[in-house]
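This is run-v8.txt. It holds compact mmCIF, C-alpha atoms and all ligand atoms.
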# COMPACT_ATOMS: atom_id res chain seq x y z
CA THR W 1 35.69 -46.11 -7.30
CA ALA W 2 32.73 -44.42 -5.63
CA GLN W 3 32.99 -43.82 -1.89
CA LEU W 4 30.11 -46.13 -0.95
CA ASP W 5 31.15 -48.97 -3.28
CA GLY W 6 30.19 -52.34 -1.81
CA LYS W 7 27.94 -50.83 0.87
CA ALA W 8 24.24 -51.43 1.37
CA ALA W 9 21.71 -48.83 2.51
CA LEU W 10 18.09 -48.79 3.64
CA VAL W 11 16.08 -45.57 3.33
CA THR W 12 12.59 -45.39 4.84
CA GLY W 13 10.06 -43.45 2.78
CA GLY W 14 12.20 -43.47 -0.35
CA SER W 15 9.56 -43.30 -3.06
CA ARG W 16 9.15 -39.52 -3.16
CA GLY W 17 10.60 -36.24 -1.91
CA ILE W 18 13.63 -36.15 0.35
CA GLY W 19 13.79 -39.96 0.71
CA GLU W 20 13.88 -40.42 -3.06
CA ALA W 21 16.72 -37.89 -3.37
CA VAL W 22 18.63 -39.66 -0.59
CA ALA W 23 18.13 -43.10 -2.14
CA VAL W 24 19.33 -41.96 -5.56
CA ARG W 25 22.27 -40.01 -4.10
CA LEU W 26 23.50 -43.00 -2.07
CA ALA W 27 23.27 -45.14 -5.22
CA ALA W 28 25.21 -42.50 -7.18
CA ASP W 29 27.86 -42.71 -4.44
CA GLY W 30 28.07 -46.48 -4.98
CA ALA W 31 25.69 -48.16 -2.55
CA ASP W 32 23.04 -50.77 -3.22
CA VAL W 33 19.82 -49.22 -1.94
CA ALA W 34 16.67 -50.67 -0.41
CA PHE W 35 13.85 -48.32 0.44
CA THR W 36 10.40 -48.50 1.99
CA TYR W 37 7.19 -46.84 0.94
CA ARG W 38 3.63 -47.00 2.19
CA GLY W 39 1.26 -46.42 -0.70
CA GLU W 40 2.02 -45.83 -4.34
CA GLU W 41 3.79 -48.77 -5.91
CA ALA W 42 4.20 -46.98 -9.26
CA ARG W 43 6.21 -44.17 -7.65
CA ALA W 44 8.44 -46.71 -5.93
CA ALA W 45 8.99 -48.56 -9.22
CA LYS W 46 10.29 -45.34 -10.81
CA VAL W 47 12.87 -44.93 -8.06
CA VAL W 48 13.99 -48.54 -8.58
CA VAL W 49 14.61 -47.67 -12.25
CA ARG W 50 16.65 -44.58 -11.26
CA ILE W 51 18.84 -46.60 -8.87
CA GLU W 52 19.37 -49.45 -11.35
CA ALA W 53 20.28 -46.92 -14.06
CA LEU W 54 23.22 -46.00 -11.82
CA GLY W 55 24.38 -49.61 -11.91
CA ARG W 56 23.35 -50.46 -8.34
CA ARG W 57 20.94 -53.00 -6.93
CA ALA W 58 17.60 -51.68 -5.72
CA TRP W 59 14.81 -53.12 -3.58
CA ALA W 60 11.49 -51.39 -2.95
CA VAL W 61 9.56 -52.79 -0.01
CA ARG W 62 6.07 -51.76 1.05
CA ALA W 63 6.34 -51.17 4.78
CA ASP W 64 4.33 -48.71 6.84
CA SER W 65 6.66 -47.25 9.46
CA ALA W 66 3.79 -47.55 11.96
CA ASP W 67 3.88 -51.35 11.53
CA ALA W 68 6.63 -52.78 13.75
CA ALA W 69 6.79 -56.15 12.01
CA ALA W 70 7.01 -54.49 8.58
CA VAL W 71 9.84 -52.23 9.74
CA ARG W 72 11.82 -55.18 11.09
CA ALA W 73 11.14 -57.17 7.92
CA ALA W 74 12.50 -54.30 5.82
CA VAL W 75 15.74 -54.25 7.80
CA ASP W 76 16.15 -58.03 7.78
CA GLY W 77 15.14 -58.22 4.11
CA THR W 78 17.83 -55.69 3.17
CA VAL W 79 20.47 -57.87 4.84
CA GLU W 80 19.10 -60.96 3.07
CA ARG W 81 19.10 -59.27 -0.35
CA PHE W 82 22.38 -57.40 -0.20
CA GLY W 83 24.25 -59.54 2.33
CA ARG W 84 24.86 -56.59 4.64
CA LEU W 85 23.52 -53.31 6.00
CA ASP W 86 25.87 -50.34 6.36
CA ILE W 87 23.58 -47.31 6.26
CA LEU W 88 20.09 -46.76 7.68
CA VAL W 89 18.31 -43.51 6.84
CA ASN W 90 15.17 -42.95 8.93
CA ASN W 91 13.41 -40.53 6.60
CA ALA W 92 9.72 -41.53 6.47
CA GLY W 93 7.63 -39.02 8.34
CA VAL W 94 4.21 -37.44 8.51
CA GLY W 95 3.03 -34.06 9.71
CA VAL W 96 -0.29 -33.10 11.23
CA LEU W 97 -0.48 -29.40 12.01
CA GLY W 98 -3.16 -27.47 13.81
CA PRO W 99 -4.22 -25.91 17.11
CA ILE W 100 -3.61 -28.30 19.99
CA GLU W 101 -7.30 -28.22 20.95
CA GLU W 102 -8.15 -29.73 17.56
CA ILE W 103 -5.56 -32.51 17.24
CA ALA W 104 -7.32 -35.89 17.36
CA GLU W 105 -6.02 -38.67 19.57
CA GLU W 106 -5.60 -40.89 16.48
CA ASP W 107 -3.37 -38.20 14.95
CA VAL W 108 -1.18 -38.20 18.06
CA ASP W 109 -0.81 -41.98 17.84
CA ARG W 110 -0.19 -41.97 14.09
CA VAL W 111 2.43 -39.19 14.08
CA LEU W 112 4.32 -40.63 17.05
CA ALA W 113 4.15 -44.13 15.54
CA VAL W 114 5.55 -43.09 12.15
CA ASN W 115 7.98 -40.36 13.25
CA VAL W 116 9.31 -41.80 16.52
CA ARG W 117 8.40 -45.44 17.12
CA GLY W 118 9.25 -46.46 13.53
CA PRO W 119 12.72 -44.87 13.56
CA PHE W 120 13.39 -46.34 17.01
CA LEU W 121 12.46 -49.87 15.90
CA ALA W 122 14.36 -49.53 12.62
CA ALA W 123 17.47 -48.37 14.50
CA GLN W 124 17.06 -51.25 16.94
CA ALA W 125 16.77 -53.81 14.13
CA ALA W 126 19.69 -52.20 12.29
CA ALA W 127 21.86 -52.24 15.42
CA ARG W 128 21.34 -55.99 15.58
CA ARG W 129 22.40 -56.50 11.96
CA MET W 130 25.00 -53.79 11.24
CA GLY W 131 28.70 -54.40 11.19
CA ASP W 132 31.43 -52.09 12.46
CA GLY W 133 31.51 -48.73 10.71
CA GLY W 134 27.76 -48.53 10.18
CA ARG W 135 25.81 -45.30 9.91
CA ILE W 136 22.37 -44.46 11.28
CA ILE W 137 21.00 -41.15 10.02
CA GLY W 138 17.69 -39.60 10.99
CA ILE W 139 15.66 -36.85 9.35
CA GLY W 140 14.33 -34.43 11.94
CA SER W 141 13.01 -30.95 11.24
CA CYS W 142 13.87 -27.30 11.79
CA MET W 143 10.58 -27.23 13.70
CA ALA W 144 12.29 -29.22 16.45
CA GLY W 145 14.58 -26.24 17.11
CA ARG W 146 12.43 -23.19 16.57
CA ALA W 147 8.73 -22.40 16.76
CA PRO W 148 8.18 -19.19 14.78
CA PHE W 149 4.47 -19.87 14.20
CA PRO W 150 1.84 -21.85 16.13
CA GLY W 151 0.26 -25.15 15.16
CA GLY W 152 3.33 -27.39 15.15
CA THR W 153 3.13 -28.92 18.62
CA LEU W 154 2.52 -32.54 17.60
CA TYR W 155 5.01 -32.51 14.71
CA ALA W 156 7.71 -30.72 16.75
CA THR W 157 7.16 -33.09 19.67
CA SER W 158 7.80 -36.06 17.38
CA LYS W 159 10.87 -34.55 15.70
CA ALA W 160 12.43 -33.32 18.95
CA ALA W 161 12.24 -36.89 20.30
CA LEU W 162 14.75 -37.91 17.63
CA THR W 163 17.47 -35.72 19.18
CA GLY W 164 17.36 -37.87 22.34
CA LEU W 165 17.42 -41.07 20.31
CA THR W 166 20.35 -39.79 18.25
CA ARG W 167 22.58 -38.67 21.11
CA THR W 168 22.01 -41.67 23.33
CA LEU W 169 22.30 -44.24 20.58
CA ALA W 170 25.52 -42.56 19.39
CA ARG W 171 26.94 -43.16 22.87
CA GLU W 172 25.73 -46.76 22.92
CA LEU W 173 26.95 -47.77 19.45
CA GLY W 174 30.18 -45.75 19.44
CA PRO W 175 32.28 -48.70 20.67
CA ARG W 176 31.18 -50.58 17.51
CA ASP W 177 32.27 -47.62 15.35
CA ILE W 178 28.65 -47.02 14.32
CA THR W 179 27.77 -43.32 14.05
CA VAL W 180 24.29 -41.93 14.71
CA ASN W 181 23.33 -38.46 13.47
CA LEU W 182 20.31 -36.33 12.70
CA VAL W 183 19.74 -33.90 9.83
CA HIS W 184 17.18 -31.15 10.41
CA PRO W 185 15.80 -29.88 7.08
CA GLY W 186 14.26 -26.47 6.70
CA PRO W 187 11.42 -25.93 4.23
CA VAL W 188 12.11 -28.29 1.33
CA ASP W 189 10.07 -28.44 -1.87
CA THR W 190 8.22 -31.79 -1.77
CA ASP W 191 4.64 -33.07 -1.87
CA MET W 192 4.54 -32.58 1.92
CA ASN W 193 5.59 -28.93 1.72
CA PRO W 194 5.37 -27.61 -1.86
CA ALA W 195 7.27 -24.41 -2.61
CA ASP W 196 4.10 -23.05 -4.26
CA GLY W 197 1.90 -23.89 -1.26
CA GLU W 198 -0.21 -21.40 0.68
CA SER W 199 2.25 -20.93 3.55
CA ALA W 200 5.38 -21.18 1.39
CA PRO W 201 6.17 -17.43 1.20
CA MET W 202 5.93 -17.20 5.00
CA GLN W 203 8.20 -20.23 5.46
CA ALA W 204 10.74 -18.97 2.93
CA GLN W 205 10.83 -15.60 4.67
CA LEU W 206 11.69 -17.28 7.98
CA THR W 207 14.97 -18.60 6.54
CA ALA W 208 18.12 -16.50 6.32
CA LEU W 209 18.47 -17.34 2.63
CA GLY W 210 14.88 -16.38 1.93
CA ARG W 211 14.05 -19.48 -0.10
CA TYR W 212 13.11 -23.16 -0.06
CA GLY W 213 15.68 -25.93 -0.24
CA GLN W 214 15.65 -28.85 -2.66
CA PRO W 215 15.55 -32.55 -1.70
CA SER W 216 19.09 -32.88 -3.12
CA ASP W 217 20.32 -30.35 -0.51
CA ILE W 218 19.26 -32.75 2.24
CA ALA W 219 20.64 -35.74 0.34
CA ALA W 220 24.05 -34.03 0.17
CA ALA W 221 24.21 -33.81 3.98
CA VAL W 222 23.14 -37.44 4.34
CA ALA W 223 25.79 -38.49 1.80
CA TYR W 224 28.42 -36.61 3.80
CA LEU W 225 27.42 -38.35 7.03
CA ALA W 226 27.29 -41.74 5.27
CA GLY W 227 30.64 -41.28 3.56
CA GLU W 228 34.28 -41.32 4.65
CA GLY W 229 34.28 -37.61 5.47
CA GLY W 230 31.65 -38.12 8.15
CA ARG W 231 33.42 -40.86 10.05
CA TYR W 232 34.25 -38.69 13.12
CA VAL W 233 30.80 -37.12 13.37
CA THR W 234 28.40 -38.81 15.80
CA GLY W 235 25.54 -37.76 18.05
CA ALA W 236 25.21 -34.56 16.03
CA SER W 237 22.15 -32.66 14.89
CA ILE W 238 22.96 -30.85 11.67
CA ALA W 239 20.72 -28.05 10.40
CA VAL W 240 20.30 -27.94 6.63
CA ASP W 241 17.62 -25.31 6.82
CA GLY W 242 18.71 -22.19 4.95
CA GLY W 243 19.09 -20.49 8.33
CA PHE W 244 15.53 -21.17 9.57
CA THR W 245 16.81 -21.70 13.11
CA VAL W 246 19.33 -18.83 13.33
P1 LIG F 301 6.84 -36.53 1.33
O1 LIG F 301 5.48 -36.60 1.94
O2 LIG F 301 7.05 -35.72 0.13
O3 LIG F 301 7.37 -38.01 1.07
C1 LIG F 301 7.21 -38.95 2.10
C2 LIG F 301 7.83 -40.27 1.71
O4 LIG F 301 7.72 -41.13 2.84
C3 LIG F 301 7.14 -40.96 0.58
O5 LIG F 301 8.06 -41.78 -0.09
C4 LIG F 301 6.09 -41.80 1.31
O6 LIG F 301 5.70 -42.95 0.57
C5 LIG F 301 6.84 -42.20 2.52
N1 LIG F 301 5.99 -42.45 3.68
C6 LIG F 301 5.05 -41.63 4.22
N2 LIG F 301 4.48 -42.21 5.27
C7 LIG F 301 5.07 -43.42 5.41
C8 LIG F 301 4.90 -44.48 6.31
N3 LIG F 301 4.00 -44.44 7.30
N4 LIG F 301 5.67 -45.58 6.18
C9 LIG F 301 6.58 -45.67 5.18
N5 LIG F 301 6.78 -44.69 4.28
C10 LIG F 301 6.03 -43.57 4.40
O7 LIG F 301 7.76 -36.02 2.54
P2 LIG F 301 9.17 -35.22 2.51
O8 LIG F 301 10.08 -35.81 1.53
O9 LIG F 301 8.87 -33.78 2.49
O10 LIG F 301 9.67 -35.55 4.01
C11 LIG F 301 10.63 -36.55 4.31
C12 LIG F 301 11.07 -36.35 5.75
O11 LIG F 301 11.61 -35.04 5.91
C13 LIG F 301 9.94 -36.48 6.77
O12 LIG F 301 10.42 -37.12 7.92
C14 LIG F 301 9.59 -35.03 7.06
O13 LIG F 301 9.00 -34.89 8.33
C15 LIG F 301 10.96 -34.40 6.98
N6 LIG F 301 10.95 -32.96 6.76
C16 LIG F 301 10.44 -32.42 5.61
C17 LIG F 301 10.45 -31.05 5.42
C18 LIG F 301 9.92 -30.40 4.20
O14 LIG F 301 9.81 -29.16 4.19
N7 LIG F 301 9.57 -31.12 3.15
C19 LIG F 301 10.99 -30.15 6.46
C20 LIG F 301 11.53 -30.81 7.61
C21 LIG F 301 11.49 -32.17 7.73
P3 LIG F 301 4.21 -43.12 -0.04
O15 LIG F 301 4.12 -42.26 -1.24
O16 LIG F 301 4.12 -44.55 -0.38
O17 LIG F 301 3.27 -42.70 1.05
Would you kindly transcribe this structure into structure tokens?
Ligand code: NDP
Amino acid sequence: TAQLDGKAALVTGGSRGIGEAVAVRLAADGADVAFTYRGEEARAAKVVVRIEALGRRAWAVRADSADAAAVRAAVDGTVERFGRLDILVNNAGVGVLGPIEEIAEEDVDRVLAVNVRGPFLAAQAAARRMGDGGRIIGIGSCMAGRAPFPGGTLYATSKAALTGLTRTLARELGPRDITVNLVHPGPVDTDMNPADGESAPMQAQLTALGRYGQPSDIAAAVAYLAGEGGRYVTGASIAVDGGFTV
């Protein structure tokens, strides 16, 4: 039997990129998987097909992470559909880069709402519904730990906030045997940061391995934290960044 047999997971932002890879990987490991998306229903439908092809139940729910009620409804809906919630992956995120003088106030609100407030509210809702042995896993960024080029202040501010959430919530939920961890990806080839993009050679050069990672590289770390092998890891920030932060 697969290691996540009988478990239920919710992945935010699971219709593309890293979130899609995480959703499919958790299903391959045996979990039923719900995931949120914001825009493209057709992309989400394709991920549902991939999960169901693995013999697991899937649920795609349109929920903007900036919308508190939608986030809570996604968590509660997962419990209603699958009868339980064992794994929450806070993956949905947005990046607005640029000189601090040029960042609009609306961008500040939007990035903090999606990258910080959404994960906080999802973790809060999950904490209310999760049983013993649950797992809460965030997706941060290597930009939270190193600033090798300018322009990332807003994005890094949002991602660094997740380290505080992770450590403190790990302490709070430890007595219930719920672990809380954070994975910091390096440059990963997705729509957000394509490996053939303008700044890609510069980003690749900043890693020790000299190349981009794949969404499945991040999914492997999430699967480890969600699985049996990760049961004694909590409050940790784990770099999966090709050595970007060394
Ligand atoms: P993509 O932009 O490729 O995919 C984002 C996914 O999240 C899509 O499924 C999208 O759905 C969904 N999404 C976006 N905004 C929202 C929202 N407001 N509410 C709900 N869902 C939303 O991003 P990546 O896969 O590259 O990034 C995933 C995470 O990894 C993010 O938190 C990002 O900050 C982080 N990260 C990425 C790195 C990289 O190099 N790619 C590096 C470090 C961290 P839809 O299509 O419907 O909008």
*Contacts of range 177-191 of chain W at 6 Å or less, counting only C-alpha atoms, minus same-chain residues fewer than 2 places along, as a PyMOL selection string?*
chain W and resi 17+132-142+166+170+173-175+193-195+212-214+234-241
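Considering the residues W:Gly14, W:Gly164, W:Pro148, W:Gly230 and counting only C-alpha atoms, Gln205 in chain W has its shortest atom-to-atom contact with W:Pro148.
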*asked:* What's around Ile18 in chain W at 7 Å? Count only C-alpha atoms, leave out sequence neighbours fewer than 2 positions away in its own chain, and write the answer as a list of chain:residue names.
replied: W:Arg16, W:Glu20, W:Ala21, W:Val22, W:Pro215, W:Ile218
*Given the choices W:Arg176, W:Lys7, W:Arg38, W:Arg72, which gets closest to ligand LIG 301 (chain F) if the distance is worked out from all atoms listed in the file?*
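Answer, going by the shortest atom-to-atom distance: W:Arg38.
For the residues W:Gly152, W:Pro119, W:Gly30, W:Pro201, ranking by smallest atom-to-atom distance to Asp67 in chain W using only C-alpha atoms places W:Pro119 first.
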Hey, could you pull the box centre and edge lengths for range 157-162 of chain W, axis-aligned, 6 Å padding per side, all listed atoms, to one decimal in Å, as JSON?
{"center_x": 11.0, "center_y": -35.5, "center_z": 18.0, "size_x": 19.6, "size_y": 16.8, "size_z": 16.6}
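Shortest atom-to-atom contact with ligand LIG 301 (chain F) among W:Ile87, W:Val114, W:Ala221, W:Leu165: W:Val114, counting all atoms listed in the file.
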*Can you work out which one of W:Ala68, W:Ala126, W:Ile100, W:Leu225 has the shortest atom-to-atom distance to ligand LIG 301 (chain F), counting only C-alpha atoms and all ligand atoms?*
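Using only C-alpha atoms and all ligand atoms, ligand LIG 301 (chain F) sits closest to W:Ala68.
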_Which residue of W:Arg128, W:Arg117, W:Arg62, W:Arg167 approaches ligand LIG 301 (chain F) most closely, using all atoms listed in the file_ =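 So, comparing all the options, the nearest one is W:Arg62.
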*Could you check how far CA of Ala200 in chain W sits from atom O16 of ligand LIG 301 (chain F), in Å to one decimal?*
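Between CA of Ala200 in chain W and atom O16 of ligand LIG 301 (chain F) the gap works out to 23.5 Å.
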*Tell me which protein, DNA and RNA residues are within 9 Å of Gly55 in chain W, counting all atoms listed in the file, leaving out same-chain ones fewer than 6 positions away, and put them as a list in words.*
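My reading of the contact set: Ala27, Ala28, Gly30 and Asp32 of chain W.
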Can we get range 105-131 of chain W of that structure written down with N, CA and C atoms, as a short mmCIF file (atom, residue, chain, number, x, y, z; two decimals), in the first residue's frame?
data_model
loop_
_atom_site.label_atom_id
_atom_site.label_comp_id
_atom_site.auth_asym_id
_atom_site.auth_seq_id
_atom_site.Cartn_x
_atom_site.Cartn_y
_atom_site.Cartn_z
N GLU W 105 0.81 50.52 -3.73
CA GLU W 105 0.19 50.11 -2.47
C GLU W 105 -0.71 48.88 -2.68
N GLU W 106 -1.41 48.85 -3.81
CA GLU W 106 -2.30 47.70 -4.10
C GLU W 106 -1.49 46.41 -4.24
N ASP W 107 -0.26 46.55 -4.79
CA ASP W 107 0.61 45.37 -4.91
C ASP W 107 1.02 44.85 -3.54
N VAL W 108 1.32 45.78 -2.63
CA VAL W 108 1.69 45.39 -1.27
C VAL W 108 0.54 44.59 -0.65
N ASP W 109 -0.67 45.14 -0.77
CA ASP W 109 -1.84 44.47 -0.18
C ASP W 109 -2.07 43.11 -0.82
N ARG W 110 -1.98 43.05 -2.14
CA ARG W 110 -2.26 41.82 -2.87
C ARG W 110 -1.24 40.71 -2.51
N VAL W 111 0.04 41.06 -2.54
CA VAL W 111 1.09 40.06 -2.28
C VAL W 111 1.00 39.56 -0.83
N LEU W 112 0.80 40.49 0.10
CA LEU W 112 0.70 40.05 1.50
C LEU W 112 -0.58 39.24 1.73
N ALA W 113 -1.65 39.60 1.03
CA ALA W 113 -2.92 38.86 1.19
C ALA W 113 -2.79 37.43 0.68
N VAL W 114 -2.19 37.26 -0.49
CA VAL W 114 -2.10 35.91 -1.09
C VAL W 114 -1.00 35.08 -0.42
N ASN W 115 0.16 35.71 -0.17
CA ASN W 115 1.33 34.94 0.30
C ASN W 115 1.39 34.75 1.81
N VAL W 116 0.73 35.63 2.57
CA VAL W 116 0.84 35.57 4.03
C VAL W 116 -0.53 35.35 4.70
N ARG W 117 -1.47 36.25 4.40
CA ARG W 117 -2.77 36.16 5.07
C ARG W 117 -3.49 34.86 4.68
N GLY W 118 -3.44 34.52 3.39
CA GLY W 118 -4.09 33.29 2.92
C GLY W 118 -3.54 32.04 3.62
N PRO W 119 -2.21 31.85 3.61
CA PRO W 119 -1.64 30.70 4.31
C PRO W 119 -1.96 30.70 5.81
N PHE W 120 -1.97 31.88 6.43
CA PHE W 120 -2.31 31.96 7.85
C PHE W 120 -3.74 31.46 8.08
N LEU W 121 -4.67 31.97 7.29
CA LEU W 121 -6.08 31.61 7.47
C LEU W 121 -6.33 30.14 7.12
N ALA W 122 -5.63 29.64 6.11
CA ALA W 122 -5.78 28.23 5.75
C ALA W 122 -5.25 27.34 6.87
N ALA W 123 -4.11 27.74 7.45
CA ALA W 123 -3.54 26.95 8.56
C ALA W 123 -4.48 27.00 9.76
N GLN W 124 -5.06 28.16 10.00
CA GLN W 124 -6.00 28.31 11.12
C GLN W 124 -7.22 27.40 10.92
N ALA W 125 -7.78 27.43 9.72
CA ALA W 125 -8.95 26.59 9.44
C ALA W 125 -8.59 25.11 9.52
N ALA W 126 -7.39 24.78 9.00
CA ALA W 126 -6.94 23.39 9.04
C ALA W 126 -6.72 22.92 10.47
N ALA W 127 -6.16 23.80 11.30
CA ALA W 127 -5.89 23.43 12.70
C ALA W 127 -7.20 23.07 13.41
N ARG W 128 -8.26 23.73 13.00
CA ARG W 128 -9.57 23.45 13.61
C ARG W 128 -10.13 22.10 13.19
N ARG W 129 -9.73 21.63 11.99
CA ARG W 129 -10.35 20.44 11.41
C ARG W 129 -9.46 19.21 11.40
N MET W 130 -8.14 19.41 11.56
CA MET W 130 -7.20 18.29 11.43
C MET W 130 -7.18 17.40 12.65
N GLY W 131 -6.98 16.11 12.41
CA GLY W 131 -6.79 15.19 13.51
C GLY W 131 -5.33 15.09 13.90
#
